[in-house]
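J.: Pasting my_file.txt here (compact mmCIF, N, CA and C atoms):
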```
# COMPACT_ATOMS: atom_id res chain seq x y z
N MET A 1 3.66 10.34 9.91
CA MET A 1 4.45 10.37 8.69
C MET A 1 3.54 10.01 7.53
N ARG A 2 3.74 10.70 6.43
CA ARG A 2 3.01 10.40 5.20
C ARG A 2 3.95 9.71 4.21
N TYR A 3 3.34 8.88 3.41
CA TYR A 3 4.06 8.15 2.37
C TYR A 3 3.34 8.36 1.06
N ARG A 4 4.05 8.11 -0.02
CA ARG A 4 3.44 8.19 -1.35
C ARG A 4 3.76 6.91 -2.10
N VAL A 5 2.87 6.52 -2.96
CA VAL A 5 3.09 5.36 -3.81
C VAL A 5 4.16 5.74 -4.82
N ASN A 6 5.09 4.84 -5.10
CA ASN A 6 6.18 5.10 -6.05
C ASN A 6 5.67 5.01 -7.49
N SER A 7 4.83 5.96 -7.86
CA SER A 7 4.29 6.03 -9.22
C SER A 7 5.32 6.70 -10.11
N PRO A 8 5.43 6.39 -11.35
CA PRO A 8 4.62 5.43 -12.10
C PRO A 8 5.17 4.00 -12.08
N GLN A 9 6.24 3.75 -11.33
CA GLN A 9 6.82 2.40 -11.35
C GLN A 9 6.00 1.39 -10.57
N VAL A 10 5.07 1.85 -9.73
CA VAL A 10 4.22 0.95 -8.94
C VAL A 10 2.76 1.19 -9.33
N ILE A 11 2.10 0.10 -9.71
CA ILE A 11 0.69 0.17 -10.07
C ILE A 11 -0.07 -0.85 -9.23
N SER A 12 -1.36 -0.58 -9.00
CA SER A 12 -2.15 -1.52 -8.20
C SER A 12 -3.58 -1.55 -8.67
N GLU A 13 -4.24 -2.64 -8.31
CA GLU A 13 -5.65 -2.83 -8.65
C GLU A 13 -6.26 -3.69 -7.55
N THR A 14 -7.45 -3.32 -7.09
CA THR A 14 -8.17 -4.11 -6.09
C THR A 14 -9.35 -4.78 -6.76
N VAL A 15 -9.42 -6.10 -6.60
CA VAL A 15 -10.50 -6.88 -7.18
C VAL A 15 -10.95 -7.90 -6.14
N GLY A 16 -12.22 -7.87 -5.80
CA GLY A 16 -12.77 -8.87 -4.89
C GLY A 16 -12.08 -8.96 -3.54
N GLY A 17 -11.71 -7.83 -2.96
CA GLY A 17 -11.10 -7.83 -1.64
C GLY A 17 -9.61 -8.12 -1.62
N GLU A 18 -9.00 -8.29 -2.78
CA GLU A 18 -7.56 -8.52 -2.88
C GLU A 18 -6.96 -7.39 -3.70
N THR A 19 -5.84 -6.87 -3.25
CA THR A 19 -5.13 -5.86 -4.01
C THR A 19 -3.86 -6.48 -4.58
N ILE A 20 -3.69 -6.32 -5.88
CA ILE A 20 -2.48 -6.77 -6.57
C ILE A 20 -1.66 -5.53 -6.87
N ILE A 21 -0.41 -5.54 -6.48
CA ILE A 21 0.51 -4.43 -6.72
C ILE A 21 1.65 -4.96 -7.58
N VAL A 22 2.03 -4.20 -8.58
CA VAL A 22 3.15 -4.57 -9.43
C VAL A 22 4.20 -3.47 -9.35
N ASN A 23 5.43 -3.87 -9.05
CA ASN A 23 6.56 -2.95 -9.10
C ASN A 23 7.23 -3.18 -10.45
N LEU A 24 6.97 -2.28 -11.39
CA LEU A 24 7.48 -2.44 -12.75
C LEU A 24 9.00 -2.33 -12.83
N ALA A 25 9.62 -1.70 -11.84
CA ALA A 25 11.08 -1.56 -11.84
C ALA A 25 11.76 -2.85 -11.42
N SER A 26 11.18 -3.58 -10.47
CA SER A 26 11.81 -4.82 -9.99
C SER A 26 11.24 -6.06 -10.66
N GLY A 27 10.01 -5.94 -11.21
CA GLY A 27 9.35 -7.09 -11.79
C GLY A 27 8.63 -7.95 -10.77
N HIS A 28 8.60 -7.53 -9.53
CA HIS A 28 7.90 -8.29 -8.49
C HIS A 28 6.45 -7.83 -8.42
N TYR A 29 5.59 -8.77 -8.06
CA TYR A 29 4.22 -8.38 -7.79
C TYR A 29 3.80 -8.93 -6.44
N PHE A 30 2.77 -8.32 -5.88
CA PHE A 30 2.41 -8.55 -4.49
C PHE A 30 0.91 -8.74 -4.38
N SER A 31 0.51 -9.59 -3.44
CA SER A 31 -0.90 -9.83 -3.16
C SER A 31 -1.18 -9.38 -1.73
N LEU A 32 -2.16 -8.50 -1.58
CA LEU A 32 -2.57 -8.01 -0.27
C LEU A 32 -4.01 -8.45 -0.04
N GLN A 33 -4.30 -8.87 1.18
CA GLN A 33 -5.66 -9.21 1.56
C GLN A 33 -5.93 -8.70 2.96
N GLY A 34 -7.21 -8.65 3.32
CA GLY A 34 -7.58 -8.24 4.68
C GLY A 34 -7.16 -6.83 5.01
N THR A 35 -6.62 -6.66 6.21
CA THR A 35 -6.28 -5.32 6.67
C THR A 35 -5.14 -4.69 5.87
N ALA A 36 -4.34 -5.50 5.18
CA ALA A 36 -3.28 -4.94 4.33
C ALA A 36 -3.89 -4.10 3.21
N VAL A 37 -5.04 -4.52 2.70
CA VAL A 37 -5.74 -3.76 1.65
C VAL A 37 -6.17 -2.41 2.22
N GLU A 38 -6.67 -2.41 3.45
CA GLU A 38 -7.10 -1.16 4.07
C GLU A 38 -5.93 -0.20 4.28
N VAL A 39 -4.79 -0.74 4.68
CA VAL A 39 -3.59 0.10 4.85
C VAL A 39 -3.17 0.68 3.50
N TRP A 40 -3.13 -0.16 2.47
CA TRP A 40 -2.73 0.30 1.13
C TRP A 40 -3.68 1.40 0.65
N ASN A 41 -4.98 1.19 0.83
CA ASN A 41 -5.95 2.20 0.40
C ASN A 41 -5.71 3.53 1.10
N GLY A 42 -5.40 3.49 2.38
CA GLY A 42 -5.09 4.71 3.11
C GLY A 42 -3.84 5.39 2.58
N LEU A 43 -2.83 4.61 2.28
CA LEU A 43 -1.59 5.18 1.73
C LEU A 43 -1.85 5.80 0.36
N GLU A 44 -2.65 5.15 -0.46
CA GLU A 44 -2.99 5.70 -1.77
C GLU A 44 -3.75 7.02 -1.65
N ARG A 45 -4.58 7.14 -0.62
CA ARG A 45 -5.33 8.38 -0.40
C ARG A 45 -4.43 9.50 0.13
N GLY A 46 -3.24 9.14 0.58
CA GLY A 46 -2.34 10.13 1.16
C GLY A 46 -2.52 10.32 2.65
N ASP A 47 -3.23 9.37 3.29
CA ASP A 47 -3.42 9.45 4.73
C ASP A 47 -2.10 9.25 5.45
N ALA A 48 -1.92 9.96 6.54
CA ALA A 48 -0.75 9.75 7.40
C ALA A 48 -0.88 8.38 8.06
N ALA A 49 0.26 7.76 8.34
CA ALA A 49 0.27 6.44 8.98
C ALA A 49 -0.53 6.47 10.28
N GLU A 50 -0.42 7.54 11.03
CA GLU A 50 -1.14 7.66 12.29
C GLU A 50 -2.65 7.62 12.08
N ASN A 51 -3.12 8.24 11.02
CA ASN A 51 -4.56 8.25 10.72
C ASN A 51 -5.03 6.87 10.29
N ILE A 52 -4.21 6.15 9.57
CA ILE A 52 -4.55 4.79 9.16
C ILE A 52 -4.71 3.92 10.41
N VAL A 53 -3.78 4.06 11.35
CA VAL A 53 -3.85 3.30 12.60
C VAL A 53 -5.14 3.64 13.35
N LEU A 54 -5.45 4.92 13.48
CA LEU A 54 -6.67 5.32 14.19
C LEU A 54 -7.93 4.76 13.53
N GLU A 55 -7.95 4.77 12.22
CA GLU A 55 -9.10 4.24 11.49
C GLU A 55 -9.26 2.74 11.76
N LEU A 56 -8.15 2.01 11.74
CA LEU A 56 -8.22 0.57 12.02
C LEU A 56 -8.61 0.30 13.47
N GLU A 57 -8.13 1.13 14.38
CA GLU A 57 -8.48 0.96 15.80
C GLU A 57 -9.97 1.14 16.04
N GLN A 58 -10.62 1.95 15.19
CA GLN A 58 -12.07 2.13 15.32
C GLN A 58 -12.82 0.90 14.83
N ARG A 59 -12.24 0.16 13.91
CA ARG A 59 -12.92 -0.99 13.30
C ARG A 59 -12.61 -2.33 13.95
N TYR A 60 -11.42 -2.46 14.55
CA TYR A 60 -10.95 -3.76 15.02
C TYR A 60 -10.61 -3.76 16.50
N GLU A 61 -10.81 -4.89 17.13
CA GLU A 61 -10.45 -5.11 18.52
C GLU A 61 -9.03 -5.67 18.57
N ALA A 62 -8.17 -5.06 19.35
CA ALA A 62 -6.78 -5.51 19.45
C ALA A 62 -6.19 -5.05 20.78
N GLU A 63 -5.08 -5.66 21.13
CA GLU A 63 -4.35 -5.24 22.32
C GLU A 63 -3.81 -3.82 22.09
N ASN A 64 -3.58 -3.11 23.17
CA ASN A 64 -3.05 -1.76 23.10
C ASN A 64 -1.71 -1.75 22.34
N GLY A 65 -1.61 -0.97 21.28
CA GLY A 65 -0.38 -0.85 20.50
C GLY A 65 -0.21 -1.89 19.41
N GLU A 66 -1.06 -2.91 19.39
CA GLU A 66 -0.91 -4.00 18.42
C GLU A 66 -1.12 -3.52 16.98
N ILE A 67 -2.16 -2.72 16.76
CA ILE A 67 -2.45 -2.24 15.41
C ILE A 67 -1.36 -1.30 14.93
N ASP A 68 -0.93 -0.40 15.81
CA ASP A 68 0.14 0.54 15.45
C ASP A 68 1.40 -0.22 15.03
N ALA A 69 1.81 -1.21 15.81
CA ALA A 69 3.02 -1.97 15.50
C ALA A 69 2.87 -2.73 14.17
N ALA A 70 1.70 -3.31 13.94
CA ALA A 70 1.48 -4.08 12.72
C ALA A 70 1.48 -3.19 11.48
N VAL A 71 0.86 -2.02 11.58
CA VAL A 71 0.82 -1.10 10.44
C VAL A 71 2.22 -0.57 10.16
N ARG A 72 2.96 -0.21 11.18
CA ARG A 72 4.33 0.29 10.97
C ARG A 72 5.23 -0.78 10.34
N LYS A 73 5.06 -2.03 10.76
CA LYS A 73 5.83 -3.14 10.16
C LYS A 73 5.48 -3.30 8.69
N LEU A 74 4.19 -3.25 8.37
CA LEU A 74 3.77 -3.38 6.98
C LEU A 74 4.32 -2.23 6.14
N ILE A 75 4.28 -1.02 6.67
CA ILE A 75 4.81 0.13 5.94
C ILE A 75 6.31 -0.03 5.72
N GLU A 76 7.03 -0.52 6.72
CA GLU A 76 8.47 -0.79 6.55
C GLU A 76 8.69 -1.79 5.42
N ASP A 77 7.86 -2.83 5.37
CA ASP A 77 7.98 -3.83 4.30
C ASP A 77 7.68 -3.21 2.95
N PHE A 78 6.67 -2.35 2.87
CA PHE A 78 6.34 -1.66 1.62
C PHE A 78 7.52 -0.78 1.17
N VAL A 79 8.12 -0.06 2.10
CA VAL A 79 9.27 0.78 1.78
C VAL A 79 10.43 -0.10 1.30
N GLY A 80 10.68 -1.20 1.99
CA GLY A 80 11.75 -2.12 1.61
C GLY A 80 11.55 -2.73 0.24
N SER A 81 10.30 -2.89 -0.16
CA SER A 81 9.99 -3.44 -1.49
C SER A 81 9.86 -2.34 -2.54
N GLU A 82 10.15 -1.10 -2.14
CA GLU A 82 10.10 0.07 -3.01
C GLU A 82 8.71 0.32 -3.60
N LEU A 83 7.68 -0.01 -2.82
CA LEU A 83 6.30 0.25 -3.25
C LEU A 83 5.87 1.66 -2.86
N ILE A 84 6.42 2.15 -1.74
CA ILE A 84 6.11 3.49 -1.26
C ILE A 84 7.40 4.14 -0.79
N ALA A 85 7.32 5.46 -0.61
CA ALA A 85 8.45 6.21 -0.06
C ALA A 85 7.90 7.33 0.80
N GLU A 86 8.70 7.79 1.75
CA GLU A 86 8.31 8.94 2.56
C GLU A 86 8.11 10.12 1.64
N ASP A 87 7.09 10.92 1.91
CA ASP A 87 6.88 12.09 1.06
C ASP A 87 7.39 13.38 1.67
N GLY A 88 8.01 13.28 2.87
CA GLY A 88 8.61 14.46 3.48
C GLY A 88 7.65 15.24 4.35
N ASN A 89 6.37 14.91 4.33
CA ASN A 89 5.39 15.59 5.16
C ASN A 89 5.42 14.97 6.55
N ASP A 90 5.25 15.77 7.57
CA ASP A 90 5.32 15.26 8.94
C ASP A 90 4.05 14.55 9.39
N GLY A 91 3.05 14.47 8.52
CA GLY A 91 1.83 13.78 8.87
C GLY A 91 0.72 14.69 9.32
N THR A 92 1.02 15.96 9.52
CA THR A 92 -0.05 16.88 9.87
C THR A 92 -0.65 17.42 8.59
N GLY A 93 -1.89 17.79 8.67
CA GLY A 93 -2.51 18.34 7.47
C GLY A 93 -3.97 18.03 7.41
N SER A 94 -4.49 17.94 6.20
CA SER A 94 -5.92 17.90 6.01
C SER A 94 -6.57 16.54 6.17
N ALA A 95 -5.82 15.46 6.10
CA ALA A 95 -6.44 14.14 6.22
C ALA A 95 -7.03 13.98 7.61
N THR A 96 -8.24 13.46 7.64
CA THR A 96 -8.90 13.28 8.92
C THR A 96 -9.36 11.85 9.06
N VAL A 97 -9.56 11.46 10.29
CA VAL A 97 -10.07 10.13 10.59
C VAL A 97 -11.58 10.23 10.65
N PRO A 98 -12.30 9.30 10.02
CA PRO A 98 -13.75 9.35 10.07
C PRO A 98 -14.24 9.31 11.52
N ALA A 99 -15.36 9.97 11.76
CA ALA A 99 -15.93 9.97 13.10
C ALA A 99 -16.28 8.55 13.50
N SER A 100 -16.10 8.26 14.78
CA SER A 100 -16.39 6.94 15.29
C SER A 100 -17.86 6.62 15.07
N GLN A 101 -18.10 5.42 14.54
CA GLN A 101 -19.46 5.00 14.28
C GLN A 101 -19.80 3.88 15.25
N ASP A 102 -20.98 3.93 15.81
CA ASP A 102 -21.42 2.89 16.73
C ASP A 102 -21.97 1.74 15.92
N VAL A 103 -21.11 0.77 15.60
CA VAL A 103 -21.51 -0.35 14.77
C VAL A 103 -21.50 -1.66 15.57
N GLY A 104 -21.58 -1.55 16.87
CA GLY A 104 -21.56 -2.75 17.68
C GLY A 104 -20.14 -3.19 17.98
N GLU A 105 -19.99 -4.49 18.12
CA GLU A 105 -18.68 -5.02 18.44
C GLU A 105 -17.74 -4.91 17.26
N ARG A 106 -16.49 -4.66 17.59
CA ARG A 106 -15.47 -4.60 16.55
C ARG A 106 -14.97 -6.01 16.27
N ALA A 107 -14.58 -6.23 15.02
CA ALA A 107 -14.03 -7.53 14.62
C ALA A 107 -12.64 -7.69 15.21
N PRO A 108 -12.22 -8.93 15.44
CA PRO A 108 -10.85 -9.15 15.92
C PRO A 108 -9.85 -8.69 14.85
N PHE A 109 -8.78 -8.08 15.30
CA PHE A 109 -7.75 -7.59 14.37
C PHE A 109 -6.86 -8.74 13.92
N VAL A 110 -6.64 -8.81 12.62
CA VAL A 110 -5.68 -9.75 12.04
C VAL A 110 -4.59 -8.90 11.40
N ALA A 111 -3.36 -9.12 11.82
CA ALA A 111 -2.24 -8.30 11.34
C ALA A 111 -2.15 -8.33 9.82
N PRO A 112 -1.90 -7.19 9.20
CA PRO A 112 -1.76 -7.15 7.75
C PRO A 112 -0.46 -7.80 7.30
N SER A 113 -0.53 -8.42 6.15
CA SER A 113 0.67 -9.00 5.55
C SER A 113 0.47 -9.06 4.05
N PHE A 114 1.53 -9.33 3.36
CA PHE A 114 1.40 -9.48 1.91
C PHE A 114 2.34 -10.56 1.43
N THR A 115 2.04 -11.06 0.25
CA THR A 115 2.85 -12.11 -0.36
C THR A 115 3.56 -11.52 -1.56
N THR A 116 4.84 -11.81 -1.69
CA THR A 116 5.65 -11.34 -2.81
C THR A 116 5.83 -12.48 -3.80
N PHE A 117 5.67 -12.16 -5.08
CA PHE A 117 5.86 -13.14 -6.14
C PHE A 117 6.95 -12.63 -7.08
N THR A 118 7.87 -13.50 -7.42
CA THR A 118 8.95 -13.12 -8.34
C THR A 118 8.95 -13.98 -9.60
N ASP A 119 7.97 -14.89 -9.72
CA ASP A 119 7.97 -15.83 -10.83
C ASP A 119 7.73 -15.18 -12.19
N MET A 120 7.18 -13.99 -12.24
CA MET A 120 6.92 -13.30 -13.50
C MET A 120 7.91 -12.17 -13.76
N GLN A 121 8.95 -12.10 -12.94
CA GLN A 121 9.89 -10.98 -13.01
C GLN A 121 10.46 -10.79 -14.41
N ASP A 122 10.92 -11.85 -15.05
CA ASP A 122 11.52 -11.72 -16.37
C ASP A 122 10.53 -11.19 -17.40
N ILE A 123 9.30 -11.66 -17.32
CA ILE A 123 8.28 -11.22 -18.28
C ILE A 123 7.91 -9.76 -18.04
N ILE A 124 7.71 -9.39 -16.77
CA ILE A 124 7.34 -8.01 -16.46
C ILE A 124 8.45 -7.05 -16.88
N LEU A 125 9.70 -7.43 -16.66
CA LEU A 125 10.81 -6.54 -17.03
C LEU A 125 11.00 -6.44 -18.53
N LEU A 126 10.51 -7.41 -19.29
CA LEU A 126 10.59 -7.34 -20.75
C LEU A 126 9.49 -6.49 -21.36
N ASP A 127 8.45 -6.22 -20.61
CA ASP A 127 7.30 -5.48 -21.10
C ASP A 127 7.70 -4.06 -21.49
N PRO A 128 7.28 -3.58 -22.67
CA PRO A 128 7.65 -2.23 -23.11
C PRO A 128 7.02 -1.12 -22.27
N VAL A 129 6.15 -1.43 -21.34
CA VAL A 129 5.56 -0.40 -20.50
C VAL A 129 6.63 0.34 -19.71
N HIS A 130 7.82 -0.25 -19.61
CA HIS A 130 8.92 0.39 -18.87
C HIS A 130 9.54 1.55 -19.63
N GLU A 131 9.28 1.61 -20.91
CA GLU A 131 9.87 2.66 -21.74
C GLU A 131 8.92 3.85 -21.83
N VAL A 132 8.54 4.41 -20.68
CA VAL A 132 7.57 5.48 -20.65
C VAL A 132 8.16 6.71 -19.98
N ASP A 133 7.50 7.85 -20.23
CA ASP A 133 7.94 9.06 -19.56
C ASP A 133 7.23 9.18 -18.21
N THR A 134 7.35 10.30 -17.53
CA THR A 134 6.81 10.45 -16.18
C THR A 134 5.29 10.39 -16.13
N ARG A 135 4.62 10.52 -17.28
CA ARG A 135 3.16 10.42 -17.31
C ARG A 135 2.70 8.98 -17.25
N GLY A 136 3.62 8.02 -17.44
CA GLY A 136 3.26 6.60 -17.39
C GLY A 136 2.77 6.10 -18.72
N TRP A 137 2.31 4.86 -18.72
CA TRP A 137 1.82 4.20 -19.92
C TRP A 137 0.57 4.90 -20.40
N PRO A 138 0.39 5.12 -21.67
CA PRO A 138 1.13 4.64 -22.84
C PRO A 138 2.05 5.69 -23.45
N HIS A 139 2.57 6.59 -22.68
CA HIS A 139 3.40 7.67 -23.20
C HIS A 139 4.86 7.25 -23.22
N ALA A 140 5.38 7.01 -24.43
CA ALA A 140 6.76 6.54 -24.56
C ALA A 140 7.75 7.64 -24.19
N SER A 141 8.87 7.23 -23.60
CA SER A 141 9.91 8.20 -23.27
C SER A 141 10.63 8.60 -24.55
N ALA A 142 11.31 9.71 -24.51
CA ALA A 142 11.96 10.25 -25.68
C ALA A 142 13.01 9.30 -26.26
N GLY A 143 13.68 8.54 -25.40
CA GLY A 143 14.74 7.63 -25.85
C GLY A 143 14.24 6.26 -26.28
N ALA A 144 12.94 6.00 -26.16
CA ALA A 144 12.41 4.66 -26.47
C ALA A 144 12.14 4.48 -27.95
```
Can you present the structure in this file as structure tokens?
T.:
Amino acid sequence: MRYRVNSPQVISETVGGETIIVNLASGHYFSLQGTAVEVWNGLERGDAAENIVLELEQRYEAENGEIDAAVRKLIEDFVGSELIAEDGNDGTGSATVPASQDVGERAPFVAPSFTTFTDMQDIILLDPVHEVDTRGWPHASAGA
């Protein structure tokens, strides 16, 4: 299954190994670290969930099915937080998994997770960036 980022209402930035995501519609923001950043990057690229799992399985040591279950749980959480949505594609297509690289031992897998923050919700919802058309900021909507 493929997913798409809920743009323009969801924006993200990765700095120093941490990805910050802001849902401008809800006013919530999120902090991703570790393997959650890798999953988010794959989703932003348009990779199918299955390809993201395969890529992580090449990099990390885990029990059989552990990475798949963790990635699917994270994706469910992203959907529940309205950060991503199904794009209707069945997951087949042009995205490919990088060829396996012989890099020695794989690192132990740590399940991806993210932290939700609501303390800035009122401020984010007051920001005029919400009054934009489908092109996003800084293009004001006709009614703004």
J.: For Ala62 (chain A), which residue among A:Ala25, A:Ala107, A:Val10, A:Met120 is the nearest when counting only C-alpha atoms?
T.: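 Ranking A:Ala25, A:Ala107, A:Val10, A:Met120 by distance to Ala62 (chain A), first place goes to A:Ala107.
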J.: Skipping near chain neighbours, those fewer than 3 positions away, what residues fall within 5 Å of Glu18 (chain A) using only N, CA and C atoms, listed as a PDB file with N, CA and C atoms, in the coordinates of the input?
T.:
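Output file out-v9.pdb follows:
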```pdb
ATOM      1  N   THR A  14      -7.450  -3.320  -7.090  1.00  0.00           N
ATOM      2  CA  THR A  14      -8.170  -4.110  -6.090  1.00  0.00           C
ATOM      3  C   THR A  14      -9.350  -4.780  -6.760  1.00  0.00           C
ATOM      4  N   VAL A  15      -9.420  -6.100  -6.600  1.00  0.00           N
ATOM      5  CA  VAL A  15     -10.500  -6.880  -7.180  1.00  0.00           C
ATOM      6  C   VAL A  15     -10.950  -7.900  -6.140  1.00  0.00           C
ATOM      7  N   LEU A  32      -2.160  -8.500  -1.580  1.00  0.00           N
ATOM      8  CA  LEU A  32      -2.570  -8.010  -0.270  1.00  0.00           C
ATOM      9  C   LEU A  32      -4.010  -8.450  -0.040  1.00  0.00           C
ATOM     10  N   GLN A  33      -4.300  -8.870   1.180  1.00  0.00           N
ATOM     11  CA  GLN A  33      -5.660  -9.210   1.560  1.00  0.00           C
ATOM     12  C   GLN A  33      -5.930  -8.700   2.960  1.00  0.00           C
TER      13      GLN A  33
END
```
J.: Expressed in Å to a single decimal, how great is the separation between CA of Glu13 (chain A) and atom C of Glu61 (chain A)?
T.: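 It comes out at 27.6 Å.
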J.: Which residues are close to region 75-85 of chain A, i.e. within 8 Å by only C-alpha atoms, leaving aside same-chain residues fewer than 2 positions away? Reply as a list in words.
T.: Tyr3, Arg4, Val5, Asn6, Val10, Asn23, Val71, Arg72, Lys73 and Asp87 of chain A
J.: What is the atom N of Leu74 (chain A) to atom C of Pro112 (chain A) distance in Å?
T.: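 Going from atom N of Leu74 (chain A) over to atom C of Pro112 (chain A) covers 6.6 Å.
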J.: What is the distance between atom C of Trp40 (chain A) and CA of Ile21 (chain A), in Å to one decimal?
T.: 10.3 Å
J.: Around region 14-31 of chain A, fit a box with edges along x, y and z, padding it by 5 Å on each side, then list its centre and edge lengths in Å to one decimal as JSON.
T.:
```
{"center_x": -0.5, "center_y": -5.7, "center_z": -7.2, "size_x": 34.6, "size_y": 18.3, "size_z": 21.2}
```
J.: Determine the nearest neighbour of Ala111 (chain A) from the options A:Ala48, A:Val39, A:Ile11, A:Leu54, counting only C-alpha atoms.
T.: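 Among the listed residues, A:Val39 lies closest to Ala111 (chain A).
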J.: For Arg2 (chain A), which residue among A:Val53, A:Ile20, A:Ile67, A:Leu43 is the nearest when counting all atoms listed in the file?
T.: A:Leu43
J.: Quick one: pick out all strand (DSSP E) residues within region 3-41 of chain A from a backbone DSSP run and write them as number ranges by chain.
T.: A: 3-5, 10-15, 18-23, 28-33
J.: Considering all atoms listed in the file, state which residue in the set A:Gly65, A:Gly16, A:Gly42, A:Gly27 is at the smallest distance from Thr118 (chain A).
T.: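 Of all the options, A:Gly27 lies closest to Thr118 (chain A).
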J.: Considering all atoms listed in the file, can you say which of A:Tyr29, A:Val22, A:Ser12, A:Met1 comes closest to Ala49 (chain A)?
T.: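 Result for the nearest residue to Ala49 (chain A): A:Met1.
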J.: Name the residues of region 32-78 of chain A that fall into helix (DSSP H, G or I) according to DSSP on the backbone, using the chain letters and numbers of this document, as a PyMOL selection string.
T.: chain A and resi 35-45+49-59+66-78
